[in-house]
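Participant: Sending over upload22.cif (mmCIF, C-alpha atoms and all ligand atoms; chains and numbers go by the auth columns).
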data_protein
#
loop_
_atom_site.group_PDB
_atom_site.id
_atom_site.type_symbol
_atom_site.label_atom_id
_atom_site.label_comp_id
_atom_site.label_asym_id
_atom_site.label_seq_id
_atom_site.Cartn_x
_atom_site.Cartn_y
_atom_site.Cartn_z
_atom_site.B_iso_or_equiv
_atom_site.auth_seq_id
_atom_site.auth_asym_id
ATOM 1 C CA MET A 1 241.359 78.232 164.944 0.00 3 G
ATOM 2 C CA SER A 2 241.676 81.777 166.010 0.00 4 G
ATOM 3 C CA ARG A 3 240.818 82.460 169.617 0.00 5 G
ATOM 4 C CA LYS A 4 240.604 86.156 168.987 0.00 6 G
ATOM 5 C CA ARG A 5 237.485 87.699 170.430 0.00 7 G
ATOM 6 C CA LYS A 6 234.911 88.372 167.814 0.00 8 G
ATOM 7 C CA ALA A 7 234.552 92.050 167.142 0.00 9 G
ATOM 8 C CA MET A 8 231.246 93.436 168.252 0.00 10 G
ATOM 9 C CA SER A 9 229.151 94.400 165.292 0.00 11 G
ATOM 10 C CA VAL A 10 226.020 96.451 165.156 0.00 12 G
ATOM 11 C CA ASP A 11 224.065 93.320 164.223 0.00 13 G
ATOM 12 C CA THR A 12 225.342 91.346 167.184 0.00 14 G
ATOM 13 C CA ARG A 13 224.481 94.245 169.459 0.00 15 G
ATOM 14 C CA CYS A 14 221.043 94.511 167.959 0.00 16 G
ATOM 15 C CA LYS A 15 220.373 90.823 168.639 0.00 17 G
ATOM 16 C CA GLU A 16 221.233 91.307 172.282 0.00 18 G
ATOM 17 C CA TYR A 17 218.261 93.623 172.533 0.00 19 G
ATOM 18 C CA ARG A 18 215.721 91.808 170.498 0.00 20 G
ATOM 19 C CA ASN A 19 212.603 93.752 169.508 0.00 21 G
ATOM 20 C CA ILE A 20 213.958 96.971 170.933 0.00 22 G
ATOM 21 C CA PHE A 21 216.376 98.051 168.221 0.00 23 G
ATOM 22 C CA HIS A 22 216.786 97.660 164.511 0.00 24 G
ATOM 23 C CA VAL A 23 219.802 98.266 162.295 0.00 25 G
ATOM 24 C CA ASP A 24 219.743 100.655 159.406 0.00 26 G
ATOM 25 C CA ASP A 25 222.878 101.419 157.427 0.00 27 G
ATOM 26 C CA ASN A 26 225.128 100.287 160.270 0.00 28 G
ATOM 27 C CA ILE A 27 223.345 102.503 162.738 0.00 29 G
ATOM 28 C CA LEU A 28 221.379 101.167 165.678 0.00 30 G
ATOM 29 C CA PHE A 29 217.908 102.663 165.972 0.00 31 G
ATOM 30 C CA CYS A 30 215.495 102.363 168.836 0.00 32 G
ATOM 31 C CA ASN A 31 212.172 100.991 167.546 0.00 33 G
ATOM 32 C CA TYR A 32 210.253 102.903 170.172 0.00 34 G
ATOM 33 C CA CYS A 33 211.959 106.284 170.208 0.00 35 G
ATOM 34 C CA ASN A 34 213.042 106.349 166.567 0.00 36 G
ATOM 35 C CA VAL A 35 216.463 107.670 167.547 0.00 37 G
ATOM 36 C CA SER A 36 219.931 106.352 166.798 0.00 38 G
ATOM 37 C CA VAL A 37 221.865 104.968 169.735 0.00 39 G
ATOM 38 C CA ASP A 38 225.611 104.480 169.951 0.00 40 G
ATOM 39 C CA TRP A 39 225.897 100.696 169.824 0.00 41 G
ATOM 40 C CA LYS A 40 229.628 100.440 170.506 0.00 42 G
ATOM 41 C CA HIS A 41 229.143 101.019 174.188 0.00 43 G
ATOM 42 C CA LYS A 42 226.729 98.761 175.993 0.00 44 G
ATOM 43 C CA SER A 43 226.429 101.326 178.784 0.00 45 G
ATOM 44 C CA VAL A 44 225.055 103.891 176.336 0.00 46 G
ATOM 45 C CA ILE A 45 222.401 101.442 175.177 0.00 47 G
ATOM 46 C CA ASP A 46 221.545 100.413 178.706 0.00 48 G
ATOM 47 C CA SER A 47 221.182 104.020 179.780 0.00 49 G
ATOM 48 C CA HIS A 48 218.970 104.663 176.765 0.00 50 G
ATOM 49 C CA CYS A 49 216.765 101.715 177.720 0.00 51 G
ATOM 50 C CA GLY A 50 216.586 103.030 181.254 0.00 52 G
ATOM 51 C CA SER A 51 215.787 106.573 180.239 0.00 53 G
ATOM 52 C CA GLN A 52 212.410 108.047 181.114 0.00 54 G
ATOM 53 C CA LYS A 53 211.787 108.930 177.480 0.00 55 G
ATOM 54 C CA HIS A 54 212.388 105.381 176.264 0.00 56 G
ATOM 55 C CA ILE A 55 210.291 103.800 178.999 0.00 57 G
ATOM 56 C CA SER A 56 207.369 106.108 178.299 0.00 58 G
ATOM 57 C CA ASN A 57 207.667 105.424 174.569 0.00 59 G
ATOM 58 C CA VAL A 58 207.578 101.665 175.188 0.00 60 G
ATOM 59 C CA LYS A 59 204.543 102.108 177.395 0.00 61 G
ATOM 60 C CA LYS A 60 202.811 104.270 174.802 0.00 62 G
ATOM 61 C CA GLN A 61 203.423 101.698 172.089 0.00 63 G
ATOM 62 C CA ASP A 62 202.163 98.845 174.260 0.00 64 G
ATOM 63 C CA ASP A 63 199.014 100.773 175.079 0.00 65 G
ATOM 64 C CA THR A 64 198.357 101.421 171.398 0.00 66 G
ATOM 65 C CA GLN A 65 198.853 97.751 170.595 0.00 67 G
ATOM 66 C CA ASN A 66 196.491 96.688 173.350 0.00 68 G
ATOM 67 C CA LYS A 67 193.840 99.102 172.140 0.00 69 G
ATOM 68 C CA THR A 68 194.167 97.845 168.574 0.00 70 G
ATOM 69 C CA GLN A 69 193.794 94.267 169.727 0.00 71 G
ATOM 70 C CA GLN A 70 190.735 95.080 171.800 0.00 72 G
ATOM 71 C CA LEU A 71 189.214 96.899 168.855 0.00 73 G
ATOM 72 C CA THR A 72 189.779 93.933 166.549 0.00 74 G
ATOM 73 C CA LEU A 73 188.283 91.605 169.110 0.00 75 G
ATOM 74 C CA SER A 74 185.168 93.692 169.677 0.00 76 G
ATOM 75 C CA SER A 75 184.497 94.168 165.975 0.00 77 G
ATOM 76 C CA ALA A 76 184.804 90.413 165.442 0.00 78 G
ATOM 77 C CA GLN A 77 182.406 89.940 168.339 0.00 79 G
ATOM 78 C CA ALA A 78 179.996 92.465 166.816 0.00 80 G
ATOM 79 C CA ALA A 79 180.109 90.663 163.466 0.00 81 G
ATOM 80 C CA ALA A 80 179.382 87.342 165.144 0.00 82 G
ATOM 81 C CA ASP A 81 176.526 88.908 167.103 0.00 83 G
ATOM 82 C CA SER A 82 174.927 90.472 164.055 0.00 84 G
ATOM 83 C CA LYS A 83 175.197 87.172 162.200 0.00 85 G
ATOM 84 C CA LYS A 84 173.500 85.381 165.069 0.00 86 G
ATOM 85 C CA ARG A 85 170.774 88.004 165.228 0.00 87 G
ATOM 86 C CA LEU A 86 170.220 87.785 161.485 0.00 88 G
ATOM 87 C CA ILE A 87 169.706 84.029 161.643 0.00 89 G
ATOM 88 C CA GLU A 88 167.410 84.246 164.652 0.00 90 G
ATOM 89 C CA ASP A 89 165.319 86.950 163.013 0.00 91 G
ATOM 90 C CA LEU A 90 165.203 85.003 159.794 0.00 92 G
ATOM 91 C CA ILE A 91 163.956 81.869 161.529 0.00 93 G
ATOM 92 C CA GLU A 92 161.373 83.936 163.382 0.00 94 G
ATOM 93 C CA ALA A 93 160.226 85.659 160.188 0.00 95 G
ATOM 94 C CA PHE A 94 159.815 82.313 158.475 0.00 96 G
ATOM 95 C CA ALA A 95 157.882 80.950 161.428 0.00 97 G
ATOM 96 C CA ILE A 96 155.576 83.973 161.493 0.00 98 G
ATOM 97 C CA ALA A 97 154.996 83.742 157.732 0.00 99 G
ATOM 98 C CA ASP A 98 154.464 79.999 158.110 0.00 100 G
ATOM 99 C CA ILE A 99 157.097 79.252 155.508 0.00 101 G
ATOM 100 C CA PRO A 100 159.016 75.990 155.861 0.00 102 G
ATOM 101 C CA LEU A 101 162.661 76.626 156.651 0.00 103 G
ATOM 102 C CA GLU A 102 163.637 74.620 153.593 0.00 104 G
ATOM 103 C CA LYS A 103 162.463 77.542 151.500 0.00 105 G
ATOM 104 C CA VAL A 104 165.347 79.598 152.791 0.00 106 G
ATOM 105 C CA ASN A 105 167.596 77.763 150.374 0.00 107 G
ATOM 106 C CA SER A 106 165.842 79.218 147.365 0.00 108 G
ATOM 107 C CA LEU A 107 166.017 82.671 148.872 0.00 109 G
ATOM 108 C CA LEU A 108 169.740 82.468 149.620 0.00 110 G
ATOM 109 C CA PRO A 109 170.961 83.844 146.295 0.00 111 G
ATOM 110 C CA PHE A 110 168.635 86.817 146.713 0.00 112 G
ATOM 111 C CA LEU A 111 169.671 87.441 150.307 0.00 113 G
ATOM 112 C CA LYS A 112 173.343 87.115 149.487 0.00 114 G
ATOM 113 C CA LYS A 113 172.953 89.678 146.769 0.00 115 G
ATOM 114 C CA TYR A 114 170.846 92.302 148.526 0.00 116 G
ATOM 115 C CA VAL A 115 171.119 91.838 152.254 0.00 117 G
ATOM 116 C CA LYS A 116 174.147 92.980 154.202 0.00 118 G
ATOM 117 C CA ASN A 117 175.518 89.893 155.949 0.00 119 G
ATOM 118 C CA GLY A 118 173.288 87.805 153.681 0.00 120 G
ATOM 119 C CA GLY A 119 176.271 85.664 152.856 0.00 121 G
ATOM 120 C CA SER A 120 176.320 84.431 156.410 0.00 122 G
ATOM 121 C CA ILE A 121 172.889 82.862 156.250 0.00 123 G
ATOM 122 C CA PRO A 122 173.382 79.136 156.422 0.00 124 G
ATOM 123 C CA GLN A 123 171.481 76.508 154.505 0.00 125 G
ATOM 124 C CA ALA A 124 168.186 75.381 155.989 0.00 126 G
ATOM 125 C CA SER A 125 169.680 72.085 157.114 0.00 127 G
ATOM 126 C CA THR A 126 171.980 73.886 159.521 0.00 128 G
ATOM 127 C CA LEU A 127 169.288 76.127 160.986 0.00 129 G
ATOM 128 C CA ARG A 128 167.742 73.533 163.265 0.00 130 G
HETATM 129 ZN ZN ZN B . 214.292 104.041 173.012 0.00 201 G
#
What do you get writing this file as structure tokens?
Ligand SMILES: [Zn+2]
Facilitator:
Amino acid sequence: MSRKRKAMSVDTRCKEYRNIFHVDDNILFCNYCNVSVDWKHKSVIDSHCGSQKHISNVKKQDDTQNKTQQLTLSSAQAAADSKKRLIEDLIEAFAIADIPLEKVNSLLPFLKKYVKNGGSIPQASTLR
């Protein structure tokens, strides 16, 4: 068994800084700044990671990700709200028209076809 120290490769270096860099054609690239960084010297990488430009790029990216997540969450919330409102209004409309809720089942194909969100109307049995 050879005790020789394993030569540092660009891949090994990249793994030391997980999620910060990626390797392309034996060159180490910063995921945030989109610049190549000399991977042979750890000090160069460390100083890149500590640079104002890199830190602000990381922050920018994190902010964007947070905003995207919030957006996804609120649109899911809006969809759930509109579904709830649709069902409540439907039940109310049936009550006002004095139509038994069971009748909703025969209207479902129509609603699914013509009403936005119609597909989310549950069967009568689940409305009570
Ligand atoms: Zn960077």
Participant: Apply the PyMOL selection byres (((chain G and resi 14-29) around 12) and not hetatm) to the structure shown and report the selected residues as number ranges by chain.
Facilitator: G: 8-13, 30-48, 50-51, 56-57, 59-60, 63
Participant: Go ahead and compute the interatomic distance for atom CA of Lys105 of chain G and atom CA of Ala126 of chain G, in Å to one decimal.
Facilitator: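 Here the two named atoms are 7.6 Å from each other.
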Participant: Would you please work out which residue, of G:Ala82, G:Ser49, G:Ser76, G:Lys114, is nearest to ligand ZN 201 (chain G) when using only C-alpha atoms and all ligand atoms?
Facilitator: G:Ser49
Participant: Check the smallest atom-to-atom distance from each of G:Lys85, G:Val117, G:Val106, G:Gln54 to ligand ZN 201 (chain G) using only C-alpha atoms and all ligand atoms, then report the winner.
Facilitator: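 The closest residue to ligand ZN 201 (chain G) is G:Gln54.
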Participant: Given the PyMOL selection byres (((chain G and resi 93-99) around 12) and not hetatm) and the file above, list the residues it selects as a ChimeraX atom specification.
Facilitator: /G:86-92,100-106,109,123-126,128-130
Participant: Can I get the selection written as a compact mmCIF listing (two decimals), in the coordinates of the input, with C-alpha atoms?
Facilitator:
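Saved result, part.txt, follows:
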# COMPACT_ATOMS: atom_id res chain seq x y z
CA LYS G 86 173.50 85.38 165.07
CA ARG G 87 170.77 88.00 165.23
CA LEU G 88 170.22 87.78 161.49
CA ILE G 89 169.71 84.03 161.64
CA GLU G 90 167.41 84.25 164.65
CA ASP G 91 165.32 86.95 163.01
CA LEU G 92 165.20 85.00 159.79
CA ASP G 100 154.46 80.00 158.11
CA ILE G 101 157.10 79.25 155.51
CA PRO G 102 159.02 75.99 155.86
CA LEU G 103 162.66 76.63 156.65
CA GLU G 104 163.64 74.62 153.59
CA LYS G 105 162.46 77.54 151.50
CA VAL G 106 165.35 79.60 152.79
CA LEU G 109 166.02 82.67 148.87
CA ILE G 123 172.89 82.86 156.25
CA PRO G 124 173.38 79.14 156.42
CA GLN G 125 171.48 76.51 154.50
CA ALA G 126 168.19 75.38 155.99
CA THR G 128 171.98 73.89 159.52
CA LEU G 129 169.29 76.13 160.99
CA ARG G 130 167.74 73.53 163.26
Participant: What is the atom CA of Gly52 of chain G to atom ZN of ligand ZN 201 (chain G) distance in Å?
Facilitator: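 Taking atom CA of Gly52 of chain G and atom ZN of ligand ZN 201 (chain G), their separation equals 8.6 Å.
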Participant: Taking all atoms listed in the file into account, which of G:Ser84, G:Gln67, G:Ala78, G:Lys55 comes nearest ligand ZN 201 (chain G)?
Facilitator: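 Closest residue, counting all atoms listed in the file: G:Lys55.
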Participant: Between atom CA of Ser53 of chain G and atom ZN of ligand ZN 201 (chain G), what is the distance in Å, rounded to a tenth?
Facilitator: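 Separation of atom CA of Ser53 of chain G and atom ZN of ligand ZN 201 (chain G): 7.8 Å.
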Participant: In terms of the shortest atom-to-atom distance over only C-alpha atoms and all ligand atoms, which of G:Asp64, G:Tyr116, G:Ser58, G:Leu75 is closest to ligand ZN 201 (chain G)?
Facilitator: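 Looking only at the distances to ligand ZN 201 (chain G), the closest residue turns out to be G:Ser58.
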Participant: Draw an axis-aligned box tight on the listed atoms of segment 17-32 of chain G, then pad every side by 8 Å and write out centre and edge lengths in Å to one decimal as JSON.
Facilitator:
{"center_x": 218.9, "center_y": 96.7, "center_z": 165.0, "size_x": 28.5, "size_y": 27.8, "size_z": 31.1}
